[in-house]
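Heads up, target_32.txt below (compact mmCIF, C-alpha atoms):
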```txt
# COMPACT_ATOMS: atom_id res chain seq x y z
CA MET A 225 129.85 65.40 95.20
CA GLN A 226 129.51 61.89 96.58
CA ILE A 227 131.51 60.71 99.60
CA ALA A 228 131.35 56.97 100.19
CA ILE A 229 132.40 55.26 103.41
CA GLY A 230 133.10 51.62 102.61
CA LEU A 231 132.35 49.24 105.48
CA TYR A 232 132.81 45.56 106.30
CA PRO A 233 131.95 43.35 109.29
CA GLU A 234 134.18 44.05 112.32
CA PHE A 235 135.16 47.58 111.34
CA THR A 236 136.09 49.96 114.17
CA ALA A 237 133.19 52.32 114.79
CA LEU A 238 134.95 55.61 115.53
CA ASP A 239 137.22 55.24 112.46
CA ALA A 240 134.11 55.63 110.32
CA ILE A 241 131.87 57.82 112.47
CA GLY A 242 134.47 60.53 113.09
CA PRO A 243 134.78 61.43 109.38
CA TYR A 244 131.06 60.74 108.88
CA GLN A 245 130.21 63.39 111.46
CA VAL A 246 132.41 65.94 109.68
CA PHE A 247 131.46 65.17 106.08
CA THR A 248 127.71 65.11 106.76
CA GLN A 249 127.91 68.76 107.85
CA VAL A 250 129.08 69.91 104.41
CA PRO A 251 126.12 71.51 102.61
CA GLY A 252 125.07 69.72 99.45
CA VAL A 253 127.37 66.74 99.76
CA GLU A 254 126.00 63.21 99.48
CA VAL A 255 127.44 60.88 102.12
CA VAL A 256 126.80 57.18 101.62
CA LEU A 257 127.61 54.18 103.80
CA CYS A 258 128.10 51.06 101.69
CA ALA A 259 129.25 47.47 102.08
CA ALA A 260 129.43 44.24 100.11
CA GLN A 261 125.86 43.42 101.08
CA ARG A 262 122.79 45.25 102.24
CA GLY A 263 121.41 44.65 105.72
CA ARG A 264 122.90 44.12 109.13
CA LEU A 265 126.59 44.78 109.62
CA SER A 266 128.25 44.73 113.05
CA ASP A 267 131.37 46.44 114.33
CA ASP A 268 134.41 44.81 115.93
CA ASN A 269 132.77 44.81 119.36
CA GLY A 270 129.73 42.98 118.02
CA LEU A 271 127.61 45.56 119.87
CA LEU A 272 126.93 48.21 117.25
CA HIS A 273 124.74 46.94 114.42
CA LEU A 274 124.23 49.01 111.29
CA ASP A 275 121.54 48.56 108.71
CA ILE A 276 123.35 49.10 105.40
CA GLU A 277 121.30 50.35 102.45
CA HIS A 278 123.84 50.49 99.63
CA THR A 279 126.13 47.86 98.09
CA PHE A 280 129.58 48.38 96.62
CA ASP A 281 128.08 47.64 93.20
CA GLU A 282 125.70 50.58 93.56
CA ILE A 283 128.38 52.96 94.76
CA ALA A 284 130.88 52.29 92.01
CA ALA A 285 132.32 55.75 91.37
CA PRO A 286 132.31 58.02 94.43
CA ASP A 287 134.26 61.26 94.25
CA LEU A 288 135.82 60.45 97.61
CA SER A 289 136.17 57.00 99.15
CA LEU A 290 137.07 56.36 102.78
CA VAL A 291 137.72 53.05 104.47
CA PRO A 292 137.98 52.64 108.25
CA GLY A 293 140.27 50.21 110.04
CA GLY A 294 139.92 47.29 112.39
CA PHE A 295 142.06 44.30 113.37
CA VAL A 296 140.19 42.26 110.77
CA THR A 297 141.83 44.26 107.95
CA ARG A 298 144.80 41.85 108.04
CA ARG A 299 142.46 39.00 107.11
CA LEU A 300 140.53 41.07 104.56
CA ALA A 301 143.81 42.03 102.89
CA ARG A 302 145.07 38.43 102.87
CA ASP A 303 141.82 37.01 101.51
CA ARG A 304 141.22 39.87 99.06
CA ASP A 305 137.81 40.67 100.52
CA PRO A 306 135.34 42.55 98.28
CA ILE A 307 136.28 45.80 100.01
CA VAL A 308 139.80 45.52 98.59
CA ASP A 309 138.38 45.24 95.09
CA TRP A 310 136.08 48.19 95.81
CA VAL A 311 139.05 50.32 96.90
CA ALA A 312 140.94 49.37 93.75
CA SER A 313 138.06 49.95 91.34
CA THR A 314 136.81 53.20 92.86
CA HIS A 315 140.37 54.52 92.97
CA ALA A 316 140.44 54.41 89.18
CA THR A 317 137.90 57.23 88.97
CA SER A 318 138.01 58.90 92.42
CA THR A 319 139.21 62.41 93.11
CA TYR A 320 140.26 61.35 96.62
CA THR A 321 140.97 57.88 97.99
CA THR A 322 141.33 57.88 101.76
CA SER A 323 141.70 55.66 104.81
CA VAL A 324 141.65 55.84 108.59
CA CYS A 325 143.79 53.63 110.82
CA THR A 326 144.39 50.13 109.42
CA GLY A 327 142.06 50.95 106.56
CA ALA A 328 145.43 51.81 104.98
CA LEU A 329 146.19 48.07 104.80
CA LEU A 330 143.19 47.73 102.47
CA LEU A 331 144.64 50.44 100.25
CA GLY A 332 147.93 48.55 100.39
CA ALA A 333 146.26 45.26 99.41
CA ALA A 334 144.57 47.10 96.55
CA GLY A 335 148.07 47.85 95.27
CA ILE A 336 147.84 51.62 95.39
CA LEU A 337 150.39 52.47 98.11
CA ASP A 338 153.49 51.00 96.49
CA GLY A 339 156.32 53.54 96.69
CA LEU A 340 154.27 56.08 98.61
CA ASP A 341 154.42 57.56 102.10
CA ALA A 342 151.39 56.57 104.15
CA THR A 343 150.23 56.30 107.71
CA THR A 344 148.08 53.89 109.71
CA HIS A 345 147.62 52.89 113.34
CA TRP A 346 151.11 53.03 114.94
CA TYR A 347 150.87 49.34 115.77
CA ALA A 348 150.55 48.45 112.07
CA TYR A 349 153.56 50.31 110.60
CA ASP A 350 155.46 47.09 109.80
CA GLU A 351 152.42 45.54 108.17
CA LEU A 352 151.90 48.68 106.08
CA ALA A 353 155.52 48.47 104.85
CA THR A 354 154.85 45.03 103.35
CA TYR A 355 152.76 46.80 100.68
CA GLY A 356 155.68 48.92 99.55
CA ALA A 357 154.55 51.98 101.50
CA THR A 358 156.83 54.02 103.74
CA PRO A 359 155.14 54.26 107.15
CA THR A 360 155.11 57.90 108.19
CA GLU A 361 154.52 59.05 111.76
CA GLN A 362 152.09 61.87 110.96
CA ARG A 363 148.45 62.42 111.82
CA VAL A 364 147.48 62.80 108.16
CA VAL A 365 149.61 61.95 105.12
CA GLN A 366 148.84 63.18 101.59
CA GLN A 367 150.35 61.66 98.46
CA GLY A 368 148.58 63.04 95.45
CA LYS A 369 144.96 62.02 95.72
CA ILE A 370 145.63 59.41 98.39
CA TRP A 371 145.19 60.56 101.98
CA THR A 372 145.81 58.27 104.93
CA ALA A 373 145.17 59.00 108.61
CA ALA A 374 146.67 57.56 111.78
CA GLY A 375 144.74 55.41 114.27
CA VAL A 376 140.99 55.51 115.01
CA SER A 377 140.38 59.09 116.22
CA ALA A 378 142.65 60.55 113.51
CA GLY A 379 139.78 60.28 111.05
CA ILE A 380 138.31 63.48 112.52
CA ASP A 381 141.51 65.39 111.75
CA LEU A 382 141.65 63.83 108.28
CA ALA A 383 138.10 64.84 107.43
CA LEU A 384 138.52 68.41 108.68
CA THR A 385 141.76 68.69 106.67
CA LEU A 386 139.99 67.42 103.54
CA VAL A 387 137.07 69.81 103.97
CA GLY A 388 139.54 72.69 104.25
CA GLU A 389 141.26 71.49 101.09
CA ILE A 390 138.21 70.66 98.96
CA TRP A 391 135.87 73.45 100.07
CA SER A 392 137.43 76.10 102.29
CA PRO A 393 139.21 76.61 105.60
CA GLU A 394 136.18 78.64 106.75
CA LEU A 395 133.79 75.75 106.17
CA SER A 396 136.11 73.35 107.96
CA GLN A 397 136.38 75.79 110.88
CA ALA A 398 132.60 76.13 111.02
CA ILE A 399 132.23 72.35 111.18
CA GLN A 400 134.93 72.17 113.86
CA LEU A 401 132.99 74.73 115.89
CA GLY A 402 129.71 72.92 115.23
CA ILE A 403 131.08 69.65 116.63
CA GLU A 404 132.91 71.64 119.34
CA TYR A 405 136.15 69.91 118.45
CA ASP A 406 138.36 71.64 120.97
CA PRO A 407 139.97 68.46 122.25
CA GLN A 408 141.15 68.34 125.85
CA PRO A 409 142.15 64.77 126.62
CA PRO A 410 142.72 64.24 130.36
CA TYR A 411 146.09 62.58 129.65
CA ASP A 412 148.82 63.03 127.04
CA SER A 413 149.17 59.42 126.07
CA GLY A 414 147.85 59.33 122.51
CA ALA A 415 151.06 58.38 120.72
CA PRO A 416 153.78 55.78 121.41
CA SER A 417 156.35 58.57 121.89
CA LYS A 418 154.18 60.18 124.57
CA ALA A 419 152.85 57.18 126.47
CA ASP A 420 154.37 55.70 129.60
CA PRO A 421 156.51 52.63 128.67
CA GLU A 422 154.31 50.34 130.75
CA VAL A 423 151.16 51.64 129.08
CA LEU A 424 152.79 51.15 125.69
CA ALA A 425 153.80 47.58 126.59
CA LEU A 426 150.25 46.82 127.71
CA VAL A 427 148.68 48.10 124.49
CA ARG A 428 151.26 46.23 122.40
CA ALA A 429 150.46 42.99 124.24
CA VAL A 430 146.69 43.38 123.87
CA SER A 431 147.08 44.30 120.19
CA ALA A 432 149.32 41.31 119.49
CA GLU A 433 146.70 39.03 120.98
CA LYS A 434 143.88 40.53 118.90
CA GLU A 435 146.00 40.43 115.76
CA ALA A 436 146.92 36.76 116.27
CA ALA A 437 143.26 35.88 116.75
CA VAL A 438 142.38 37.60 113.47
CA ARG A 439 145.18 35.90 111.54
CA ALA A 440 144.12 32.51 112.85
CA GLY A 441 140.54 33.15 111.64
CA MET B 211 129.58 46.93 135.50
CA GLN B 212 126.97 47.89 132.94
CA ILE B 213 127.29 51.06 130.86
CA ALA B 214 124.14 51.98 128.94
CA ILE B 215 124.00 54.46 126.09
CA GLY B 216 120.41 55.63 125.74
CA LEU B 217 119.44 56.52 122.18
CA TYR B 218 116.49 58.06 120.34
CA PRO B 219 115.68 58.86 116.69
CA GLU B 220 117.73 61.82 115.38
CA PHE B 221 120.56 61.54 117.89
CA THR B 222 123.95 62.89 116.78
CA ALA B 223 126.19 59.95 115.88
CA LEU B 224 129.59 61.08 117.20
CA ASP B 225 128.09 62.10 120.58
CA ALA B 226 127.35 58.43 121.19
CA ILE B 227 130.12 56.68 119.26
CA GLY B 228 132.99 58.67 120.83
CA PRO B 229 132.25 57.39 124.35
CA TYR B 230 131.20 54.00 122.95
CA GLN B 231 134.65 53.58 121.40
CA VAL B 232 136.32 54.36 124.73
CA PHE B 233 134.06 52.35 127.05
CA THR B 234 134.08 49.22 124.89
CA GLN B 235 137.86 48.98 125.38
CA VAL B 236 137.51 48.55 129.16
CA PRO B 237 138.03 44.85 130.00
CA GLY B 238 135.02 43.17 131.54
CA VAL B 239 132.58 46.04 131.15
CA GLU B 240 129.20 45.47 129.55
CA VAL B 241 128.28 48.24 127.10
CA VAL B 242 124.68 48.32 125.92
CA LEU B 243 122.93 50.50 123.36
CA CYS B 244 119.25 50.88 124.19
CA ALA B 245 116.22 52.87 123.05
CA ALA B 246 112.48 53.05 123.60
CA GLN B 247 111.95 50.35 121.00
CA ARG B 248 113.93 47.58 119.38
CA GLY B 249 114.76 47.73 115.68
CA ARG B 250 115.82 50.42 113.29
CA LEU B 251 116.82 53.81 114.67
CA SER B 252 118.32 56.55 112.51
CA ASP B 253 120.60 59.45 113.39
CA ASP B 254 119.96 63.14 112.74
CA ASN B 255 121.31 62.91 109.20
CA GLY B 256 118.92 60.08 108.35
CA LEU B 257 121.92 58.26 106.87
CA LEU B 258 123.17 56.09 109.71
CA HIS B 259 120.70 53.39 110.68
CA LEU B 260 121.23 51.32 113.82
CA ASP B 261 119.58 48.04 114.67
CA ILE B 262 118.76 48.36 118.38
CA GLU B 263 118.54 45.17 120.43
CA HIS B 264 117.62 46.44 123.90
CA THR B 265 114.73 48.52 125.19
CA PHE B 266 114.78 50.99 128.06
CA ASP B 267 112.57 48.56 130.01
CA GLU B 268 115.24 45.87 129.76
CA ILE B 269 118.07 48.22 130.75
CA ALA B 270 116.44 49.64 133.84
CA ALA B 271 119.37 49.94 136.23
CA PRO B 272 122.71 50.51 134.51
CA ASP B 273 125.68 51.50 136.66
CA LEU B 274 126.45 54.29 134.24
CA SER B 275 124.00 55.94 131.85
CA LEU B 276 125.01 58.20 128.98
CA VAL B 277 122.75 60.15 126.65
CA PRO B 278 123.99 61.84 123.47
CA GLY B 279 122.67 65.11 122.07
CA GLY B 280 121.00 66.31 118.92
CA PHE B 281 118.83 69.25 117.91
CA VAL B 282 115.78 67.09 118.56
CA THR B 283 116.49 67.09 122.31
CA ARG B 284 114.51 70.36 122.62
CA ARG B 285 111.40 68.56 121.38
CA LEU B 286 112.10 65.42 123.43
CA ALA B 287 112.45 67.55 126.56
CA ARG B 288 109.27 69.50 125.80
CA ASP B 289 107.22 66.38 125.05
CA ARG B 290 108.74 64.31 127.85
CA ASP B 291 109.89 61.58 125.50
CA PRO B 292 110.51 58.10 126.99
CA ILE B 293 114.24 58.85 127.12
CA VAL B 294 113.57 61.59 129.69
CA ASP B 295 111.78 59.10 131.92
CA TRP B 296 114.61 56.62 131.40
CA VAL B 297 117.17 59.22 132.49
CA ALA B 298 115.08 60.00 135.60
CA SER B 299 114.42 56.39 136.60
CA THR B 300 117.96 55.09 135.97
CA HIS B 301 119.40 58.07 137.85
CA ALA B 302 117.70 56.79 141.02
CA THR B 303 120.02 53.77 141.11
CA SER B 304 122.98 54.74 138.91
CA THR B 305 126.51 55.29 140.10
CA TYR B 306 127.09 57.75 137.26
CA THR B 307 124.57 59.67 135.16
CA THR B 308 126.19 61.36 132.17
CA SER B 309 125.48 63.29 128.99
CA VAL B 310 127.22 64.58 125.89
CA CYS B 311 126.28 67.83 124.13
CA THR B 312 122.56 68.65 124.30
CA GLY B 313 121.98 65.31 125.99
CA ALA B 314 122.27 67.61 129.04
CA LEU B 315 118.85 69.05 128.15
CA LEU B 316 117.40 65.57 128.69
CA LEU B 317 119.01 65.48 132.14
CA GLY B 318 117.52 68.93 132.73
CA ALA B 319 114.05 67.80 131.65
CA ALA B 320 114.41 64.81 133.97
CA GLY B 321 114.75 67.35 136.77
CA ILE B 322 118.21 66.34 137.95
CA LEU B 323 120.25 69.45 137.07
CA ASP B 324 118.41 71.99 139.21
CA GLY B 325 120.94 74.06 141.16
CA LEU B 326 123.94 72.33 139.61
CA ASP B 327 126.75 73.41 137.31
CA ALA B 328 126.56 71.63 133.96
CA THR B 329 127.76 71.91 130.40
CA THR B 330 126.30 71.24 126.96
CA HIS B 331 126.91 72.37 123.38
CA TRP B 332 127.90 76.06 123.58
CA TYR B 333 124.89 76.99 121.45
CA ALA B 334 122.51 75.56 124.08
CA TYR B 335 123.74 77.34 127.23
CA ASP B 336 120.59 79.48 127.55
CA GLU B 337 118.33 76.48 127.05
CA LEU B 338 120.25 74.56 129.72
CA ALA B 339 119.76 77.42 132.19
CA THR B 340 115.96 77.05 131.92
CA TYR B 341 116.33 73.80 133.90
CA GLY B 342 117.94 75.55 136.85
CA ALA B 343 121.46 74.56 135.85
CA THR B 344 124.39 76.96 135.68
CA PRO B 345 125.94 76.62 132.21
CA THR B 346 129.68 76.16 132.65
CA GLU B 347 132.19 76.65 129.86
CA GLN B 348 134.27 73.55 130.51
CA ARG B 349 134.93 70.44 128.47
CA VAL B 350 133.67 68.15 131.23
CA VAL B 351 131.73 69.16 134.35
CA GLN B 352 131.32 66.91 137.38
CA GLN B 353 128.72 67.49 140.08
CA GLY B 354 128.59 64.49 142.35
CA LYS B 355 127.58 61.53 140.22
CA ILE B 356 126.39 63.69 137.34
CA TRP B 357 128.91 64.33 134.60
CA THR B 358 128.11 66.47 131.56
CA ALA B 359 130.30 67.07 128.50
CA ALA B 360 130.41 69.90 125.97
CA GLY B 361 129.41 69.53 122.31
CA VAL B 362 129.61 66.38 120.15
CA SER B 363 133.33 65.47 120.17
CA ALA B 364 133.63 66.21 123.92
CA GLY B 365 132.19 62.77 124.67
CA ILE B 366 135.63 61.27 123.97
CA ASP B 367 137.20 63.46 126.67
CA LEU B 368 134.33 62.68 129.06
CA ALA B 369 134.69 58.93 128.62
CA LEU B 370 138.48 58.98 129.05
CA THR B 371 138.06 61.10 132.19
CA LEU B 372 135.49 58.67 133.58
CA VAL B 373 137.67 55.63 132.85
CA GLY B 374 140.53 57.34 134.71
CA GLU B 375 138.20 58.02 137.64
CA ILE B 376 136.38 54.68 137.80
CA TRP B 377 139.25 52.33 136.89
CA SER B 378 142.68 53.96 136.68
CA PRO B 379 144.64 56.64 134.86
CA GLU B 380 146.79 53.88 133.36
CA LEU B 381 143.81 52.14 131.78
CA SER B 382 142.52 55.43 130.40
CA GLN B 383 145.97 56.19 128.98
CA ALA B 384 146.12 52.73 127.40
CA ILE B 385 142.77 53.31 125.73
CA GLN B 386 143.89 56.76 124.58
CA LEU B 387 146.95 55.16 122.99
CA GLY B 388 144.85 52.36 121.51
CA ILE B 389 142.56 54.83 119.74
CA GLU B 390 145.59 57.02 118.98
CA TYR B 391 143.82 60.02 120.47
CA ASP B 392 146.59 62.55 119.92
CA PRO B 393 144.32 65.19 118.39
CA GLN B 394 145.81 67.57 115.84
CA PRO B 395 142.94 69.56 114.33
CA PRO B 396 144.08 71.54 111.28
CA TYR B 397 142.47 74.71 112.69
CA ASP B 398 141.92 76.12 116.18
CA SER B 399 138.26 76.89 115.82
CA GLY B 400 136.62 74.43 118.19
CA ALA B 401 135.18 76.92 120.69
CA PRO B 402 133.27 80.21 120.31
CA SER B 403 136.12 82.08 122.02
CA LYS B 404 138.60 80.73 119.46
CA ALA B 405 136.61 80.89 116.23
CA ASP B 406 136.68 83.72 113.74
CA PRO B 407 133.63 86.00 114.31
CA GLU B 408 132.32 85.27 110.80
CA VAL B 409 132.60 81.54 111.33
CA LEU B 410 130.81 81.89 114.67
CA ALA B 411 128.03 83.92 113.06
CA LEU B 412 127.62 81.29 110.35
CA VAL B 413 127.32 78.43 112.82
CA ARG B 414 124.90 80.43 114.97
CA ALA B 415 122.69 81.08 111.94
CA VAL B 416 122.67 77.45 110.80
CA SER B 417 121.99 76.27 114.35
CA ALA B 418 119.11 78.72 114.81
CA GLU B 419 117.53 77.38 111.63
CA LYS B 420 117.85 73.76 112.72
CA GLU B 421 116.54 74.56 116.19
CA ALA B 422 113.50 76.39 114.83
CA ALA B 423 112.68 73.44 112.58
CA VAL B 424 112.82 71.08 115.54
CA ARG B 425 110.64 73.30 117.73
CA ALA B 426 108.06 73.55 114.96
CA GLY B 427 107.93 69.75 114.72
```
What is this file in structure tokens?
Amino acid sequence: MQIAIGLYPEFTALDAIGPYQVFTQVPGVEVVLCAAQRGRLSDDNGLLHLDIEHTFDEIAAPDLSLVPGGFVTRRLARDRDPIVDWVASTHATSTYTTSVCTGALLLGAAGILDGLDATTHWYAYDELATYGATPTEQRVVQQGKIWTAAGVSAGIDLALTLVGEIWSPELSQAIQLGIEYDPQPPYDSGAPSKADPEVLALVRAVSAEKEAAVRAG
Amino acid sequence: MQIAIGLYPEFTALDAIGPYQVFTQVPGVEVVLCAAQRGRLSDDNGLLHLDIEHTFDEIAAPDLSLVPGGFVTRRLARDRDPIVDWVASTHATSTYTTSVCTGALLLGAAGILDGLDATTHWYAYDELATYGATPTEQRVVQQGKIWTAAGVSAGIDLALTLVGEIWSPELSQAIQLGIEYDPQPPYDSGAPSKADPEVLALVRAVSAEKEAAVRAG
């Protein structure tokens, strides 16, 4: 089984590395990081630089594809970046097509979310709806072979859910124990419905600024 | 304020990227990834390759240091790898010295945990005790300026706790909302006390094998 994580410049690191950490613990699975081009690829902070070894062309038919999010997804979707074509073409033969956070917008741009429930980062629900999807406030949403996860950290929950589904609950539990995923956040502010209104307003304002910058680019 | 994440070949990706994702959202903070040498550095799966831009020599006095874990830490501690010296020397001037998972063994080898409570991956409690530390079954343990976190995914909780302490609870909550950290693992198997005995036995066996391979290296 081949699991491919499709990347692009300015992706959000944890969106990809959360699922990566889970999937790489499955015995016998081949996990591949790929992008449009080989070589250096930086995240949205411009601080984490990956050296990519595999191109989309080489990884043309993974069993499971996963795309992370990032503010830049709005521009990638608009400009039909190569990752959108990769999502569309791999979806034709995949067993699972999945996304984390605003990676769902890339699935939308690939035309595969029309009429389906899906989730994404809470800030991007309206944008997701423009692709014909029904934004759904759940951590992980399954519609047939398409699985979408909520924002950034939700990729860990997505990957553990998929391992339980594809292999077994016992394997998923073993991986959870191995990565000691017994989360104890110091605050309970991880969803708009739980956050203080002022905190929510702050994050909305910062997000609007980042989104505008991306759209202008 | 400079936050330095000290890396080494065969580190565990999520140990580093969890805190990285949190700290990089703090306005005005400088986050730096550094290692003994510039250039390519691969994780413990040999699948994720980073391009490192800063050496330990260049990042000699960060305000906050963080080291991730990995099975290889046993060998790094034994052989007094450069990262152990970096932990020791930066600790002399740091405001916070921190670790995730078996990164705590590097703090131990640097001689700064003697007589203190500390935590690490649950599998490494006995190893941690050999450095004079008292292994403590908590997600995050603070002893003065030294903060240690439990296994792998616990780095996210550590970083959010530190942001709440250093800056403000509101900023930490905003970052939690931004990364939608509202964890909903599909199973409740993230700690030895919670896992099924068979799952625990499996993870112990796999870990013992990996540890033996590292010690033989």
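Picture a line from CA of Asp305 (chain A) to CA of Leu265 (chain A); it runs 15.0 Å.
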Where does chain A meet chain B within 7 Å, residue by residue, with the nearest atom pair and distance in Å to one decimal for each, counting all atoms listed in the file, listed by chain and rising number, as CSV?
```
residue,atom,partner,partner_atom,distance
A:Ala237,CA,B:Gln231,CA,6.9
A:Leu238,CA,B:Ile227,CA,6.2
A:Ile241,CA,B:Leu224,CA,6.2
A:Gly242,CA,B:Leu224,CA,6.4
A:Gln245,CA,B:Leu224,CA,6.2
A:His273,CA,B:Asp261,CA,5.3
A:Leu274,CA,B:Leu260,CA,4.6
A:Asp275,CA,B:His259,CA,5.3
A:Gly375,CA,B:Glu390,CA,5.0
A:Val376,CA,B:Ile389,CA,5.0
A:Ser377,CA,B:Tyr391,CA,5.5
A:Ala378,CA,B:Pro393,CA,6.9
A:Asp381,CA,B:Pro395,CA,5.1
A:Leu384,CA,B:Pro396,CA,6.9
A:Thr385,CA,B:Pro396,CA,5.9
A:Glu394,CA,B:Val409,CA,6.5
A:Gln397,CA,B:Ser399,CA,5.4
A:Ala398,CA,B:Val409,CA,5.4
A:Gln400,CA,B:Gly400,CA,5.2
A:Leu401,CA,B:Gly400,CA,4.3
A:Gly402,CA,B:Val413,CA,6.5
A:Ile403,CA,B:Val362,CA,5.0
A:Glu404,CA,B:Gly400,CA,4.8
A:Tyr405,CA,B:Gly400,CA,4.6
A:Asp406,CA,B:Gly400,CA,4.3
A:Pro407,CA,B:Pro393,CA,6.7
A:Gln408,CA,B:Asp367,CA,6.3
A:Pro409,CA,B:Asp367,CA,5.1
A:Pro410,CA,B:Thr371,CA,5.9
A:Tyr411,CA,B:Gln383,CA,6.4
A:Ser413,CA,B:Gln383,CA,5.4
A:Gly414,CA,B:Leu387,CA,4.3
A:Ala415,CA,B:Leu387,CA,5.7
A:Val423,CA,B:Ala384,CA,5.4
A:Val427,CA,B:Ala384,CA,6.0
```
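Proximity ranking of B:Thr312, B:Thr344, B:Thr358, B:Gln212 relative to Pro237 (chain B) places B:Gln212 first, based on all atoms listed in the file.
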Please report the interatomic distance between CA of Gly368 (chain A) and CA of Thr279 (chain A) in Å with one decimal. 27.2 Å
Could you give me, as a list in words, the residues within 7 Å of Ser275 (chain B), counting only C-alpha atoms and dropping anything in the same chain fewer than 4 positions from it?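 Returned residues: Ile213, Ala214, Ile215, Tyr306, Thr307 and Thr308 of chain B.
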